[in-house]
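Engineer: So here's input_14.pdb (PDB, C-alpha atoms, pLDDT in the B column).
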ATOM      1  CA  LYS A   1     117.612 134.047   2.811  1.00 73.00           C
ATOM      2  CA  ILE A   2     120.015 133.360   5.627  1.00 77.00           C
ATOM      3  CA  SER A   3     123.521 134.795   5.292  1.00 76.00           C
ATOM      4  CA  LEU A   4     126.413 134.046   7.628  1.00 74.00           C
ATOM      5  CA  ASP A   5     130.122 134.800   7.686  1.00 77.00           C
ATOM      6  CA  PHE A   6     132.298 131.890   8.822  1.00 78.00           C
ATOM      7  CA  ALA A   7     135.545 133.179  10.315  1.00 77.00           C
ATOM      8  CA  PRO A   8     138.378 130.694  10.913  1.00 77.00           C
ATOM      9  CA  GLU A   9     138.185 131.284  14.674  1.00 80.00           C
ATOM     10  CA  GLY A  10     134.396 130.942  14.737  1.00 79.00           C
ATOM     11  CA  THR A  11     131.806 133.325  16.124  1.00 79.00           C
ATOM     12  CA  THR A  12     128.844 133.098  18.475  1.00 78.00           C
ATOM     13  CA  ASN A  13     126.762 131.924  15.483  1.00 75.00           C
ATOM     14  CA  THR A  14     129.289 129.782  13.578  1.00 74.00           C
ATOM     15  CA  PRO A  15     131.835 127.111  14.498  1.00 74.00           C
ATOM     16  CA  PRO A  16     135.559 127.487  13.869  1.00 75.00           C
ATOM     17  CA  HIS A  17     137.030 125.860  10.740  1.00 72.00           C
ATOM     18  CA  ASP A  18     140.427 124.936   9.303  1.00 74.00           C
ATOM     19  CA  LEU A  19     140.428 127.319   6.339  1.00 75.00           C
ATOM     20  CA  ASN A  20     142.721 130.336   6.570  1.00 80.00           C
ATOM     21  CA  HIS A  21     140.075 132.734   5.281  1.00 81.00           C
ATOM     22  CA  THR A  22     136.577 133.845   6.164  1.00 80.00           C
ATOM     23  CA  PHE A  23     133.867 132.696   3.805  1.00 81.00           C
ATOM     24  CA  HIS A  24     130.284 133.854   3.402  1.00 82.00           C
ATOM     25  CA  PHE A  25     127.446 131.310   3.308  1.00 84.00           C
ATOM     26  CA  LYS A  26     123.996 132.042   1.909  1.00 90.00           C
ATOM     27  CA  ASP A  27     121.024 129.697   2.337  1.00 91.00           C
ATOM     28  CA  TYR A  28     118.311 130.314  -0.276  1.00 94.00           C
ATOM     29  CA  ALA A  29     114.646 129.823   0.731  1.00 95.00           C
ATOM     30  CA  PRO A  30     115.520 128.095   4.008  1.00 93.00           C
ATOM     31  CA  ARG A  31     111.920 127.764   5.216  1.00 95.00           C
ATOM     32  CA  ALA A  32     110.666 126.260   1.943  1.00 96.00           C
ATOM     33  CA  PHE A  33     113.514 123.756   1.730  1.00 96.00           C
ATOM     34  CA  SER A  34     113.165 122.914   5.431  1.00 95.00           C
ATOM     35  CA  GLN A  35     109.476 122.099   4.833  1.00 96.00           C
ATOM     36  CA  ILE A  36     110.390 119.996   1.793  1.00 96.00           C
ATOM     37  CA  ARG A  37     112.978 118.057   3.827  1.00 95.00           C
ATOM     38  CA  ARG A  38     110.457 117.573   6.614  1.00 94.00           C
ATOM     39  CA  ALA A  39     107.871 116.275   4.111  1.00 94.00           C
ATOM     40  CA  PHE A  40     110.398 113.646   2.991  1.00 93.00           C
ATOM     41  CA  GLY A  41     111.314 112.733   6.590  1.00 93.00           C
ATOM     42  CA  ILE A  42     114.739 114.385   6.705  1.00 93.00           C
ATOM     43  CA  PRO A  43     115.556 116.128   9.986  1.00 91.00           C
ATOM     44  CA  THR A  44     117.532 119.372   9.541  1.00 86.00           C
ATOM     45  CA  GLU A  45     120.279 118.103  11.871  1.00 85.00           C
ATOM     46  CA  GLU A  46     120.738 114.949   9.761  1.00 87.00           C
ATOM     47  CA  TYR A  47     120.896 117.060   6.589  1.00 87.00           C
ATOM     48  CA  ALA A  48     123.494 119.413   8.082  1.00 83.00           C
ATOM     49  CA  ASN A  49     125.578 116.538   9.459  1.00 82.00           C
ATOM     50  CA  SER A  50     125.605 114.745   6.107  1.00 83.00           C
ATOM     51  CA  LEU A  51     126.824 117.885   4.348  1.00 80.00           C
ATOM     52  CA  CYS A  52     129.136 119.376   6.972  1.00 74.00           C
ATOM     53  CA  ALA A  53     130.309 116.848   9.548  1.00 62.00           C
ATOM     54  CA  ALA A  54     133.095 115.118   7.607  1.00 55.00           C
ATOM     55  CA  LEU A  55     133.946 118.213   5.523  1.00 55.00           C
ATOM     56  CA  SER A  56     134.750 115.913   2.637  1.00 53.00           C
ATOM     57  CA  PHE A  57     132.800 114.928  -0.433  1.00 54.00           C
ATOM     58  CA  ILE A  58     133.071 112.274  -3.072  1.00 59.00           C
ATOM     59  CA  ALA A  59     133.601 113.798  -6.500  1.00 54.00           C
ATOM     60  CA  VAL A  60     131.766 112.278  -9.432  1.00 59.00           C
ATOM     61  CA  LYS A  61     133.320 112.265 -12.871  1.00 53.00           C
ATOM     62  CA  SER A  62     130.885 114.217 -14.965  1.00 58.00           C
ATOM     63  CA  ASN A  63     130.456 114.538 -18.674  1.00 54.00           C
ATOM     64  CA  SER A  64     128.029 117.382 -18.106  1.00 60.00           C
ATOM     65  CA  ARG A  65     127.817 119.789 -21.014  1.00 62.00           C
ATOM     66  CA  SER A  66     127.045 122.570 -18.561  1.00 66.00           C
ATOM     67  CA  GLY A  67     130.529 122.215 -17.102  1.00 72.00           C
ATOM     68  CA  GLN A  68     129.107 121.954 -13.599  1.00 77.00           C
ATOM     69  CA  PHE A  69     130.509 119.579 -10.979  1.00 81.00           C
ATOM     70  CA  PHE A  70     128.752 116.815  -9.084  1.00 83.00           C
ATOM     71  CA  PHE A  71     129.609 115.478  -5.640  1.00 84.00           C
ATOM     72  CA  PHE A  72     128.105 113.015  -3.205  1.00 84.00           C
ATOM     73  CA  SER A  73     127.951 113.706   0.509  1.00 85.00           C
ATOM     74  CA  GLN A  74     130.377 111.410   2.365  1.00 82.00           C
ATOM     75  CA  ASP A  75     127.477 109.213   3.534  1.00 84.00           C
ATOM     76  CA  GLY A  76     126.103 108.974  -0.025  1.00 83.00           C
ATOM     77  CA  LYS A  77     122.645 110.316   0.875  1.00 89.00           C
ATOM     78  CA  TYR A  78     122.885 113.545  -1.120  1.00 90.00           C
ATOM     79  CA  MET A  79     124.150 114.659  -4.505  1.00 89.00           C
ATOM     80  CA  ILE A  80     125.516 118.181  -4.718  1.00 90.00           C
ATOM     81  CA  LYS A  81     125.609 119.950  -8.081  1.00 91.00           C
ATOM     82  CA  THR A  82     127.261 123.292  -8.671  1.00 90.00           C
ATOM     83  CA  GLN A  83     125.011 125.766 -10.444  1.00 92.00           C
ATOM     84  CA  THR A  84     125.392 128.676 -12.781  1.00 91.00           C
ATOM     85  CA  LYS A  85     123.778 131.935 -11.721  1.00 92.00           C
ATOM     86  CA  GLU A  86     121.080 131.307 -14.358  1.00 93.00           C
ATOM     87  CA  GLU A  87     120.306 127.821 -13.000  1.00 93.00           C
ATOM     88  CA  CYS A  88     120.040 129.265  -9.502  1.00 94.00           C
ATOM     89  CA  THR A  89     117.690 132.013 -10.720  1.00 95.00           C
ATOM     90  CA  PHE A  90     115.559 129.444 -12.562  1.00 96.00           C
ATOM     91  CA  LEU A  91     115.190 127.185  -9.509  1.00 96.00           C
ATOM     92  CA  LYS A  92     114.266 130.186  -7.348  1.00 95.00           C
ATOM     93  CA  ARG A  93     111.625 131.142  -9.927  1.00 97.00           C
ATOM     94  CA  ILE A  94     109.991 127.686 -10.062  1.00 97.00           C
ATOM     95  CA  LEU A  95     110.411 126.948  -6.342  1.00 97.00           C
ATOM     96  CA  PRO A  96     106.847 127.956  -5.323  1.00 97.00           C
ATOM     97  CA  HIS A  97     105.399 125.548  -7.913  1.00 97.00           C
ATOM     98  CA  TYR A  98     107.876 122.797  -6.998  1.00 96.00           C
ATOM     99  CA  TYR A  99     107.145 123.303  -3.283  1.00 97.00           C
ATOM    100  CA  ARG A 100     103.383 122.917  -3.803  1.00 97.00           C
ATOM    101  CA  HIS A 101     103.853 119.892  -6.032  1.00 96.00           C
ATOM    102  CA  VAL A 102     106.082 117.894  -3.681  1.00 95.00           C
ATOM    103  CA  LEU A 103     103.904 118.654  -0.661  1.00 94.00           C
ATOM    104  CA  GLN A 104     100.766 117.571  -2.548  1.00 95.00           C
ATOM    105  CA  HIS A 105     102.467 114.538  -4.168  1.00 94.00           C
ATOM    106  CA  PRO A 106     104.932 113.042  -1.657  1.00 90.00           C
ATOM    107  CA  ALA A 107     105.544 110.009  -3.912  1.00 89.00           C
ATOM    108  CA  THR A 108     106.637 112.256  -6.795  1.00 89.00           C
ATOM    109  CA  MET A 109     109.286 110.943  -9.151  1.00 84.00           C
ATOM    110  CA  LEU A 110     110.705 114.448  -9.655  1.00 89.00           C
ATOM    111  CA  THR A 111     114.211 115.145  -8.428  1.00 90.00           C
ATOM    112  CA  ARG A 112     114.133 115.847  -4.705  1.00 94.00           C
ATOM    113  CA  PHE A 113     115.759 119.226  -4.135  1.00 96.00           C
ATOM    114  CA  TYR A 114     116.592 119.613  -0.437  1.00 96.00           C
ATOM    115  CA  GLY A 115     118.509 122.892  -0.375  1.00 95.00           C
ATOM    116  CA  MET A 116     120.131 125.609  -2.447  1.00 96.00           C
ATOM    117  CA  HIS A 117     123.146 127.473  -1.149  1.00 91.00           C
ATOM    118  CA  ARG A 118     125.998 129.774  -2.074  1.00 91.00           C
ATOM    119  CA  VAL A 119     129.500 130.087  -0.668  1.00 87.00           C
ATOM    120  CA  LYS A 120     131.493 133.246  -1.372  1.00 88.00           C
ATOM    121  CA  MET A 121     135.233 133.130  -0.867  1.00 81.00           C
ATOM    122  CA  HIS A 122     136.270 136.769  -0.437  1.00 71.00           C
ATOM    123  CA  HIS A 123     140.003 136.153  -0.793  1.00 71.00           C
ATOM    124  CA  ILE A 124     139.615 134.683  -4.302  1.00 73.00           C
ATOM    125  CA  ARG A 125     136.584 136.792  -5.252  1.00 76.00           C
ATOM    126  CA  ARG A 126     134.563 133.734  -6.237  1.00 81.00           C
ATOM    127  CA  LYS A 127     131.007 132.601  -5.572  1.00 87.00           C
ATOM    128  CA  MET A 128     129.965 128.972  -5.793  1.00 88.00           C
ATOM    129  CA  ARG A 129     126.272 128.203  -6.030  1.00 93.00           C
ATOM    130  CA  PHE A 130     125.068 124.665  -5.466  1.00 92.00           C
ATOM    131  CA  VAL A 131     121.914 122.643  -5.065  1.00 95.00           C
ATOM    132  CA  VAL A 132     121.552 119.601  -2.826  1.00 95.00           C
ATOM    133  CA  MET A 133     119.421 116.735  -4.099  1.00 94.00           C
ATOM    134  CA  GLY A 134     118.484 113.333  -2.786  1.00 92.00           C
ATOM    135  CA  SER A 135     120.736 110.649  -4.234  1.00 83.00           C
ATOM    136  CA  VAL A 136     118.849 107.966  -6.148  1.00 72.00           C
ATOM    137  CA  PHE A 137     121.778 105.686  -5.314  1.00 67.00           C
ATOM    138  CA  ALA A 138     121.047 105.872  -1.568  1.00 67.00           C
ATOM    139  CA  THR A 139     118.944 102.725  -1.593  1.00 67.00           C
ATOM    140  CA  ARG A 140     119.004  99.238  -0.114  1.00 69.00           C
ATOM    141  CA  GLU A 141     118.341  97.824  -3.573  1.00 69.00           C
ATOM    142  CA  ASP A 142     121.154  96.428  -5.717  1.00 72.00           C
ATOM    143  CA  LEU A 143     121.619  98.588  -8.799  1.00 69.00           C
ATOM    144  CA  ALA A 144     122.624  96.564 -11.845  1.00 74.00           C
ATOM    145  CA  VAL A 145     122.568  99.427 -14.358  1.00 76.00           C
ATOM    146  CA  GLN A 146     122.717 103.213 -14.000  1.00 76.00           C
ATOM    147  CA  PHE A 147     121.221 105.719 -16.434  1.00 77.00           C
ATOM    148  CA  ASP A 148     121.548 109.462 -16.936  1.00 78.00           C
ATOM    149  CA  VAL A 149     118.136 110.219 -18.449  1.00 78.00           C
ATOM    150  CA  LYS A 150     117.432 113.708 -19.782  1.00 78.00           C
ATOM    151  CA  GLY A 151     114.333 113.064 -21.912  1.00 79.00           C
ATOM    152  CA  SER A 152     116.139 113.636 -25.198  1.00 82.00           C
ATOM    153  CA  THR A 153     117.477 111.357 -27.903  1.00 81.00           C
ATOM    154  CA  VAL A 154     119.922 113.830 -29.434  1.00 86.00           C
ATOM    155  CA  GLY A 155     123.420 112.479 -28.818  1.00 83.00           C
ATOM    156  CA  ARG A 156     122.190 110.450 -25.856  1.00 87.00           C
ATOM    157  CA  PHE A 157     124.182 107.197 -26.235  1.00 86.00           C
ATOM    158  CA  ALA A 158     126.860 106.274 -23.728  1.00 87.00           C
ATOM    159  CA  LYS A 159     130.370 106.192 -25.146  1.00 87.00           C
ATOM    160  CA  PRO A 160     132.136 102.809 -25.190  1.00 88.00           C
ATOM    161  CA  GLY A 161     133.403 102.007 -21.698  1.00 85.00           C
ATOM    162  CA  GLU A 162     131.086 104.455 -19.876  1.00 83.00           C
ATOM    163  CA  ARG A 163     129.339 102.788 -16.951  1.00 80.00           C
ATOM    164  CA  VAL A 164     126.380 105.166 -16.857  1.00 82.00           C
ATOM    165  CA  LEU A 165     124.061 104.663 -19.829  1.00 84.00           C
ATOM    166  CA  LYS A 166     121.854 107.321 -21.435  1.00 87.00           C
ATOM    167  CA  ASP A 167     118.396 107.809 -22.949  1.00 85.00           C
ATOM    168  CA  CYS A 168     118.992 106.026 -26.264  1.00 88.00           C
ATOM    169  CA  ASP A 169     120.634 103.093 -24.467  1.00 86.00           C
ATOM    170  CA  LEU A 170     117.540 102.747 -22.276  1.00 84.00           C
ATOM    171  CA  HIS A 171     115.269 102.910 -25.318  1.00 79.00           C
ATOM    172  CA  ARG A 172     117.375 100.288 -27.122  1.00 82.00           C
ATOM    173  CA  MET A 173     117.239  97.956 -24.102  1.00 81.00           C
ATOM    174  CA  GLY A 174     113.470  98.152 -23.824  1.00 72.00           C
ATOM    175  CA  PRO A 175     111.264  97.670 -20.750  1.00 67.00           C
ATOM    176  CA  ASP A 176     112.599  94.195 -19.911  1.00 67.00           C
ATOM    177  CA  GLY A 177     116.205  95.433 -19.841  1.00 62.00           C
ATOM    178  CA  ALA A 178     117.389  93.261 -22.719  1.00 59.00           C
ATOM    179  CA  PRO A 179     119.559  94.806 -25.458  1.00 56.00           C
TER     180      PRO A 179
END
Show this structure as structure tokens.
Structural biologist:
Amino acid sequence: KISLDFAPEGTTNTPPHDLNHTFHFKDYAPRAFSQIRRAFGIPTEEYANSLCAALSFIAVKSNSRSGQFFFFSQDGKYMIKTQTKEECTFLKRILPHYYRHVLQHPATMLTRFYGMHRVKMHHIRRKMRFVVMGSVFATREDLAVQFDVKGSTVGRFAKPGERVLKDCDLHRMGPDGAP
């Protein structure tokens, strides 16, 4: 783990920022995630710039039952999902297996996890854990339809008017994409 305090005025190790309060940043498994990013051709500087340079994110409306929030980095390359403590613990537990898998199978279709972090805001006594994933929407291809696929058919139809379809909608459309 790497842990740093970010003071508003900056330090020798951290840049200054516009918040009025110091916050604590924790980087989980930095070497493992750095190797994973390297295996997928993502330089650490590019990753950091995508997440930190603009200091703004694009929020995604989520109908997540977990109550977690989703954001895109400003450049659209990464999706950021807040995590519960239990989700964070689970990813830390499976990380050695995930690490081996993605290094042995670089064309894997599994979600590409590029980093897991935590920010602690002392003044509000709150910790926010989040995972950074590659965005499947960061492509040169035109996307006609978007799906949120979980591998379940229980309650997995999109509601009328929802743009992102779900598992049962995909099954109903079939392999050729016809309804």
Engineer: Draw an axis-aligned box over all listed atoms of segment 118-136 of chain A, pad each side with 6 Å, and write its centre and edge lengths in Å, one decimal, as JSON.
Structural biologist:
{"center_x": 129.2, "center_y": 122.4, "center_z": -3.3, "size_x": 33.5, "size_y": 40.8, "size_z": 17.8}
Engineer: Between atom CA of Phe113 of chain A and atom CA of Gly10 of chain A, measure the distance and give it in Å to one decimal.
Structural biologist: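 That distance, rounded to one decimal, is 29.0 Å.
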Engineer: What's the separation between atom CA of Gln68 of chain A and atom CA of Ala32 of chain A, in Å to one decimal place?
Structural biologist: 24.5 Å
Engineer: I would like the residues chosen by the PyMOL selection byres ((chain A and resi 97-110) around 8) on the shown file; could you give them as a list in words?
Structural biologist: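 When the PyMOL selection byres ((chain A and resi 97-110) around 8) is applied to the shown file, the picked residues are Ala32, Ile36, Ala39, Phe40, Ile94, Leu95, Pro96, Thr111 and Arg112 of chain A.
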Engineer: Please list as a PyMOL selection string every residue within 8 Å of Lys26 of chain A, counting all atoms listed in the file and excluding residues in the same chain fewer than 2 positions away.
Structural biologist: chain A and resi 1-4+24+28+117-119
Engineer: How many Å lie between atom CA of Ser50 of chain A and atom CA of Gly115 of chain A, rounded to one decimal?
Structural biologist: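 Atom CA of Gly115 of chain A lies 12.6 Å from atom CA of Ser50 of chain A.
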Engineer: Which of these, A:Gly174, A:Phe157, A:Lys92, A:His122, has the shortest distance to Ala7 of chain A once you count all atoms listed in the file?
Structural biologist: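 Looking only at the distances to Ala7 of chain A, the closest residue turns out to be A:His122.
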Engineer: Starting from the displayed file, determine the output of the PyMOL selection byres ((chain A and resi 8) around 7) and express the residue list as a ChimeraX atom specification.
Structural biologist: /A:6-7,9-10,16-22
Engineer: So which residues are close to (122.0, 119.1, 5.4), meaning at most 9 Å away in the file's coordinates with all atoms listed in the file counted, and can you show them as a PyMOL selection string?
Structural biologist: chain A and resi 42-52+78+114-115+132
